[in-house]
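A.B. asks: Provided herewith is a single structure, encoded as structure tokens, for subsequent inquiry.
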Amino acid sequence: MRPWRLSPYPFPVAVLAFALGGGLLGPPAAAQPAVFDDEVRQSLRSFARIFEAVQANAADPVDSDKAIYKGAIPSMLRTLDPHSNFFDPRDFKLLREDQNGRYFGVGMMVGGQSGKVLVMHPFSGSPAYKAGLRPGDIIVQVDGKSTEGLTLTEVVDLLKGPRGTKVRVSVNRPGVEQALDFEMTRDEISRKSVTHAFMIRPGVAYVHIESFNENTSRELELAMRKLGEKDLEGLVLDLCNNPGGLLTEGVSVAERFLRKGQMVVSHKGRSSPRRPYLAGRGASAGRDYPVVVMVNKYSASAAEIVAGALQDHDRALIFGESTFGKGLVQSQFPLPENTALLLTTARYYTPSGRLIQRDYAGVSFFEYYRRKETPAGGNDVHSTDSGRTVLGGGGIEPDEKYSPPKLNAFQTRLLARAAFFEFSSSYFGGRDAKLPRDWKPDAALLEQFRAHLRKKEIRFSEAEFTDNRAFIEEQLRLEMYTIAFSKEDADRLAVEIDPAVARAADALPKAKALAGRARELIVRRTAPPGAAASR
């Protein structure tokens with residue numbers, strides 16, 4: 001719900017972001033023996049002849065690995081669906097790191113700007129954080145090797161390495177004349193999928209799940225225990241911008257709010273029968289508090305499985321935007337040379353029978369991932385446990401719609417030029433990065449920011465600056481919090497001042513009424529004949 005908090009130059013040292021690659025079945029699948037008919041054999045022979053001609057006659061040398069792994073195979077898979085994918089050795093390693101929720105390195109996010117490699121922010125408690133690296137630092141050398149001309153991927157590979165090994169990073173810091181050197185010892189970097197869990201109101205908790213990796217359900221269990229779950233009066237579960245992940249973890253998260261035996265999701269493919277996933281343990285005592293689930297158009301796959309299950313069983317009120325609509329199951333097929341195929345083998349259906357996947361026929365790969373608003377509709381009509389109508393074929397439709405305010409031209413201009421990020425890093429360049437916890441920008445700082453915009457030739461009118469003062473103050477506060485404290489502290493502040501979170505918390509009474517009606521219907525349906533008359 002906070003699109004302006006997304007970095008303009010995101011590139012994680014931990015992992016590369018695989019676009020909406022969630023919904024993975026846990027264990028690798030066994031590849032079936034290939035059975036080719038004569039037409040397929042002829043096509044393969046034709047491909048081999050074409051490739052031989054290219055290798056022999058192309059004007060420039062042909063990198064066969066690149067041509068096959070990055071060209072031919074991905075292009076073939078894209079003719080099937082938008083989510084089948086091939087992973088070369090490096091990408092497959094990164095995928096496994098993403099699923100494991102950990103890697104070995106220094107623990108920071110870096111990005112690119114004008115050919116330079118910048119520190120976007122170190123992860124709290126990581127070697128980079130403890131060493132004193134800051135947002136805005138420009139990485140110029142890693143272990144004496146210049147980063148000039150290197151890609152982000154190459155710089156990331158230099159920073160990562162075995163646990164316990166040392167790495168020296170040289171940076172140029174705005175406001176400091178000489179380069180600064182930092183020596184760090186690489187360590188295991190754990191990337192939590194449950195990034196925030198705290199009270200936002202008396203009795204009301206907020207929990208944000210960023211993705212679904214192998215540790216998500218365990219992290220959620222620990223977080224809820226620390227929150228004192230048995231005393232909660234309500235929960236806001238934030239799945240915004242969650243691209244999904246492992247199916248098993250999505251099921252585990254959903255089942256802790258459902259009754260034992262209730263369906264969470266099912267999937268069915270061309271060569272596989274429908275397989276249901278049921279809540280194996282169910283909610284324990286004290287988990288009948290109302291739940292509001294926040295979603296947006298970037299909530300996908302396993303996030304949609306959780307939202308769809310809680311909506312179909314009337315266990316939670318879904319709040320926000322229509323979700324992405326990614327309901328294809330990817331089975332993982334390990335291949336030789338540490339490569340892997342992620343092949344779509346089935347489709348996901350919510351407990352009521354709704355298809356989660358939206359239509360991608362006739363849509364380009366780029367248009368599909370741009371995710372234009374395509375609400376559910378058509379003839380895929382179903383009912384929740386209490387009889388409410390829900391639609392399939394276009395993601396999960398919220399029960400209560402909320403769209404974040406659109407950025408105006410001035411706000412977009414400042415974010416596109418990274419004005420707040422650059423100003424904050426230069427402001428703290430030669431100073432101690434310290435602020436009081438209740439700090440807010442004052443008139444003097446706003447005047448310095450105004451001068452920064454002029455220096456960077458970012459055009460604006462005085463009317464625009466005045467009309468957007470509250471937005472400017474908020475963005476400066478968040479960026480400077482990131483440097484003075486941590487990215488995690490800044491994100492928590494963003495949650496605390498986010499009007500969408502407040503609106504979601506306000507909807508908890510509706511969620512309570514919804515769950516209450518569903519429970520009443522269940523009692524009526526399960527009561528023995530004549531029980532109602534005898535009471």
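In the structure tokens, chains take the letters A, B, ... in the order shown, each chain's residues start at 1, and ligands count up from 1 in the order shown.
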Near A:Leu239, counting only C-alpha atoms, which residues have an atom at most 8 Å away, once you skip same-chain residues fewer than 4 positions from it, shown as a count of residues only?
C.D. replies: 9
A.B. asks: Compile a residue-level contact table for stretch 138-250 of chain A against stretch 113-134 of chain A at a cut-off of 6 Å, reporting for every qualifying residue the shortest atom pair and its distance in Å to one decimal, with only C-alpha atoms counted, rows ordered by chain and ascending number, as CSV.
C.D. replies:
residue,atom,partner,partner_atom,distance
A:Ile138,CA,A:Leu118,CA,4.5
A:Ile139,CA,A:Val117,CA,5.5
A:Met184,CA,A:Pro127,CA,6.0
A.B. asks: Those selected residues, please, written with N, CA, C and O atoms and delivered as an mmCIF file, in the first residue's frame.
C.D. replies:
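Written file, result-v7.cif:
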data_model
loop_
_atom_site.group_PDB
_atom_site.id
_atom_site.type_symbol
_atom_site.label_atom_id
_atom_site.label_comp_id
_atom_site.auth_asym_id
_atom_site.auth_seq_id
_atom_site.Cartn_x
_atom_site.Cartn_y
_atom_site.Cartn_z
ATOM 1 N N ILE A 138 28.882 5.024 -2.421
ATOM 2 C CA ILE A 138 29.161 4.519 -3.768
ATOM 3 C C ILE A 138 30.303 3.513 -3.673
ATOM 4 O O ILE A 138 31.417 3.858 -3.262
ATOM 5 N N ILE A 139 30.045 2.269 -4.035
ATOM 6 C CA ILE A 139 31.058 1.212 -3.953
ATOM 7 C C ILE A 139 32.008 1.356 -5.141
ATOM 8 O O ILE A 139 31.596 1.242 -6.302
ATOM 9 N N MET A 184 34.956 -6.320 6.370
ATOM 10 C CA MET A 184 33.867 -7.067 6.982
ATOM 11 C C MET A 184 34.127 -8.562 6.888
ATOM 12 O O MET A 184 34.794 -9.020 5.954
#
A.B. asks: Quick one: pull the distance between atom CA of A:Arg431 and atom CA of A:Leu180, Å, one decimal.
C.D. replies: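 Those two atoms sit 13.9 Å apart.
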A.B. asks: So what do you get for atom CA of A:Ser193 versus atom CA of A:Ala279, distance-wise?
C.D. replies: 21.4 Å
A.B. asks: Just checking: using only C-alpha atoms, which residue out of A:Phe324, A:Phe104, A:Tyr481, A:Tyr277 ends up closest to A:Arg191?
C.D. replies: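 Comparing A:Phe324, A:Phe104, A:Tyr481, A:Tyr277 against A:Arg191, the winner is A:Phe104.
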A.B. asks: List every residue of stretch 285-421 of chain A that DSSP, applied to the backbone of this structure, places in strand (DSSP E or B), and write the result as a PyMOL selection string.
C.D. replies: chain A and resi 291-295+316-320+328-335+339-349+355+381-383+389-391+400-401
A.B. asks: Please provide the set of residues having any atom within 9 Å of A:His83, restricted to only C-alpha atoms, with same-chain residues fewer than 2 positions apart removed, written as a ChimeraX atom specification.
C.D. replies: /A:19-21,77-78,80-81,85,326,328-330,342-344
A.B. asks: Need to verify the contact set: A:Gly393, 12 Å, only C-alpha atoms, exclusion of same-chain residues closer than 5 positions in sequence. Can you return it as a ChimeraX atom specification?
C.D. replies: /A:322-328,347-350,353-360,374-382
A.B. asks: Just the helix (DSSP H, G or I) stuff from stretch 228-381 of chain A, please, per backbone DSSP, written as a list in words.
C.D. replies: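 After running DSSP on the backbone, stretch 228-381 of chain A has helix (DSSP H, G or I) at Glu229, Lys230, Asp231, Leu247, Thr248, Glu249, Gly250, Val251, Ser252, Val253, Ala254, Glu255, Ala302, Ala303, Glu304, Ile305, Val306, Ala307, Gly308, Ala309, Leu310, Gln311, Asp312, Phe365, Phe366, Glu367, Tyr368, Tyr369 and Arg370 of chain A.
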A.B. asks: Between atom CA of A:Phe465 and atom CA of A:Leu446, what is the distance in Å, rounded to a tenth?
C.D. replies: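 Between these atoms lies a distance of 9.7 Å.
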A.B. asks: Given the choices A:Ala59, A:Leu445, A:Leu453, A:Val253, which gets closest to A:Glu473 if the distance is worked out from only C-alpha atoms?
C.D. replies: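 When distances to A:Glu473 are compared using only C-alpha atoms, the smallest one comes from A:Leu445.
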A.B. asks: Quick one: of A:Pro243, A:Gly71, A:Gly362, A:Pro334, who's nearest to A:Ser301, counting only C-alpha atoms?
C.D. replies: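 Of A:Pro243, A:Gly71, A:Gly362, A:Pro334, the one nearest A:Ser301 is A:Pro243, counting only C-alpha atoms.
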A.B. asks: Skip A:Ala309 itself and residues of its chain fewer than 5 positions away, then list as a PyMOL selection string all residues within 7 Å of it, counting only C-alpha atoms.
C.D. replies: chain A and resi 254+264-265+350-351
A.B. asks: For the selection you just gave me, I'd like the residues written to a file as a PDB file, in the first residue's frame, keeping N, CA and C atoms.
C.D. replies:
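Result went into part13.pdb, see below:
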ATOM      1  N   ALA A 254      -2.299 -20.376   6.288  1.00  0.00           N
ATOM      2  CA  ALA A 254      -3.764 -20.306   6.233  1.00  0.00           C
ATOM      3  C   ALA A 254      -4.412 -21.205   7.276  1.00  0.00           C
ATOM      4  N   VAL A 264      -7.941 -25.584   2.158  1.00  0.00           N
ATOM      5  CA  VAL A 264      -7.162 -24.360   1.964  1.00  0.00           C
ATOM      6  C   VAL A 264      -7.072 -24.033   0.478  1.00  0.00           C
ATOM      7  N   VAL A 265      -6.747 -25.018  -0.338  1.00  0.00           N
ATOM      8  CA  VAL A 265      -6.596 -24.816  -1.777  1.00  0.00           C
ATOM      9  C   VAL A 265      -6.587 -26.190  -2.436  1.00  0.00           C
ATOM     10  N   THR A 350      -9.432 -21.980  -5.272  1.00  0.00           N
ATOM     11  CA  THR A 350      -9.754 -21.693  -3.878  1.00  0.00           C
ATOM     12  C   THR A 350     -10.754 -22.736  -3.358  1.00  0.00           C
ATOM     13  N   PRO A 351     -11.022 -22.768  -2.056  1.00  0.00           N
ATOM     14  CA  PRO A 351     -11.961 -23.765  -1.510  1.00  0.00           C
ATOM     15  C   PRO A 351     -13.331 -23.771  -2.178  1.00  0.00           C
TER      16      PRO A 351
END
A.B. asks: Could you give me, as a tab-separated table, every stretch 253-293 of chain A residue with an atom at most 10 Å from stretch 493-507 of chain A, plus its closest atom pair and distance in Å to one decimal, counting only C-alpha atoms, rows ordered by chain then number?
C.D. replies:
residue	atom	partner	partner_atom	distance
A:Pro290	CA	A:Ala507	CA	9.5
A:Val291	CA	A:Ala505	CA	9.1
A:Val292	CA	A:Ala504	CA	6.4
A:Val293	CA	A:Ala504	CA	8.0
A.B. asks: Output all heavy atoms of each residue in that selection to a file, as an mmCIF file, in the first residue's frame.
C.D. replies:
data_model
loop_
_atom_site.group_PDB
_atom_site.id
_atom_site.type_symbol
_atom_site.label_atom_id
_atom_site.label_comp_id
_atom_site.auth_asym_id
_atom_site.auth_seq_id
_atom_site.Cartn_x
_atom_site.Cartn_y
_atom_site.Cartn_z
ATOM 1 N N PRO A 290 -10.968 -11.411 15.099
ATOM 2 C CA PRO A 290 -11.196 -11.019 13.711
ATOM 3 C C PRO A 290 -9.884 -10.723 12.982
ATOM 4 O O PRO A 290 -8.910 -10.282 13.592
ATOM 5 C CB PRO A 290 -12.059 -9.766 13.829
ATOM 6 C CG PRO A 290 -11.765 -9.229 15.185
ATOM 7 C CD PRO A 290 -11.493 -10.420 16.055
ATOM 8 N N VAL A 291 -9.885 -10.983 11.682
ATOM 9 C CA VAL A 291 -8.692 -10.793 10.853
ATOM 10 C C VAL A 291 -9.066 -9.980 9.616
ATOM 11 O O VAL A 291 -10.065 -10.265 8.954
ATOM 12 C CB VAL A 291 -8.087 -12.141 10.415
ATOM 13 C CG1 VAL A 291 -6.869 -11.922 9.528
ATOM 14 C CG2 VAL A 291 -7.727 -12.998 11.627
ATOM 15 N N VAL A 292 -8.260 -8.981 9.318
ATOM 16 C CA VAL A 292 -8.342 -8.250 8.054
ATOM 17 C C VAL A 292 -7.051 -8.515 7.300
ATOM 18 O O VAL A 292 -5.959 -8.324 7.843
ATOM 19 C CB VAL A 292 -8.532 -6.740 8.268
ATOM 20 C CG1 VAL A 292 -8.379 -5.985 6.942
ATOM 21 C CG2 VAL A 292 -9.897 -6.455 8.874
ATOM 22 N N VAL A 293 -7.160 -8.995 6.068
ATOM 23 C CA VAL A 293 -5.993 -9.285 5.232
ATOM 24 C C VAL A 293 -5.847 -8.179 4.200
ATOM 25 O O VAL A 293 -6.760 -7.935 3.407
ATOM 26 C CB VAL A 293 -6.134 -10.651 4.529
ATOM 27 C CG1 VAL A 293 -4.943 -10.895 3.604
ATOM 28 C CG2 VAL A 293 -6.253 -11.775 5.547
#
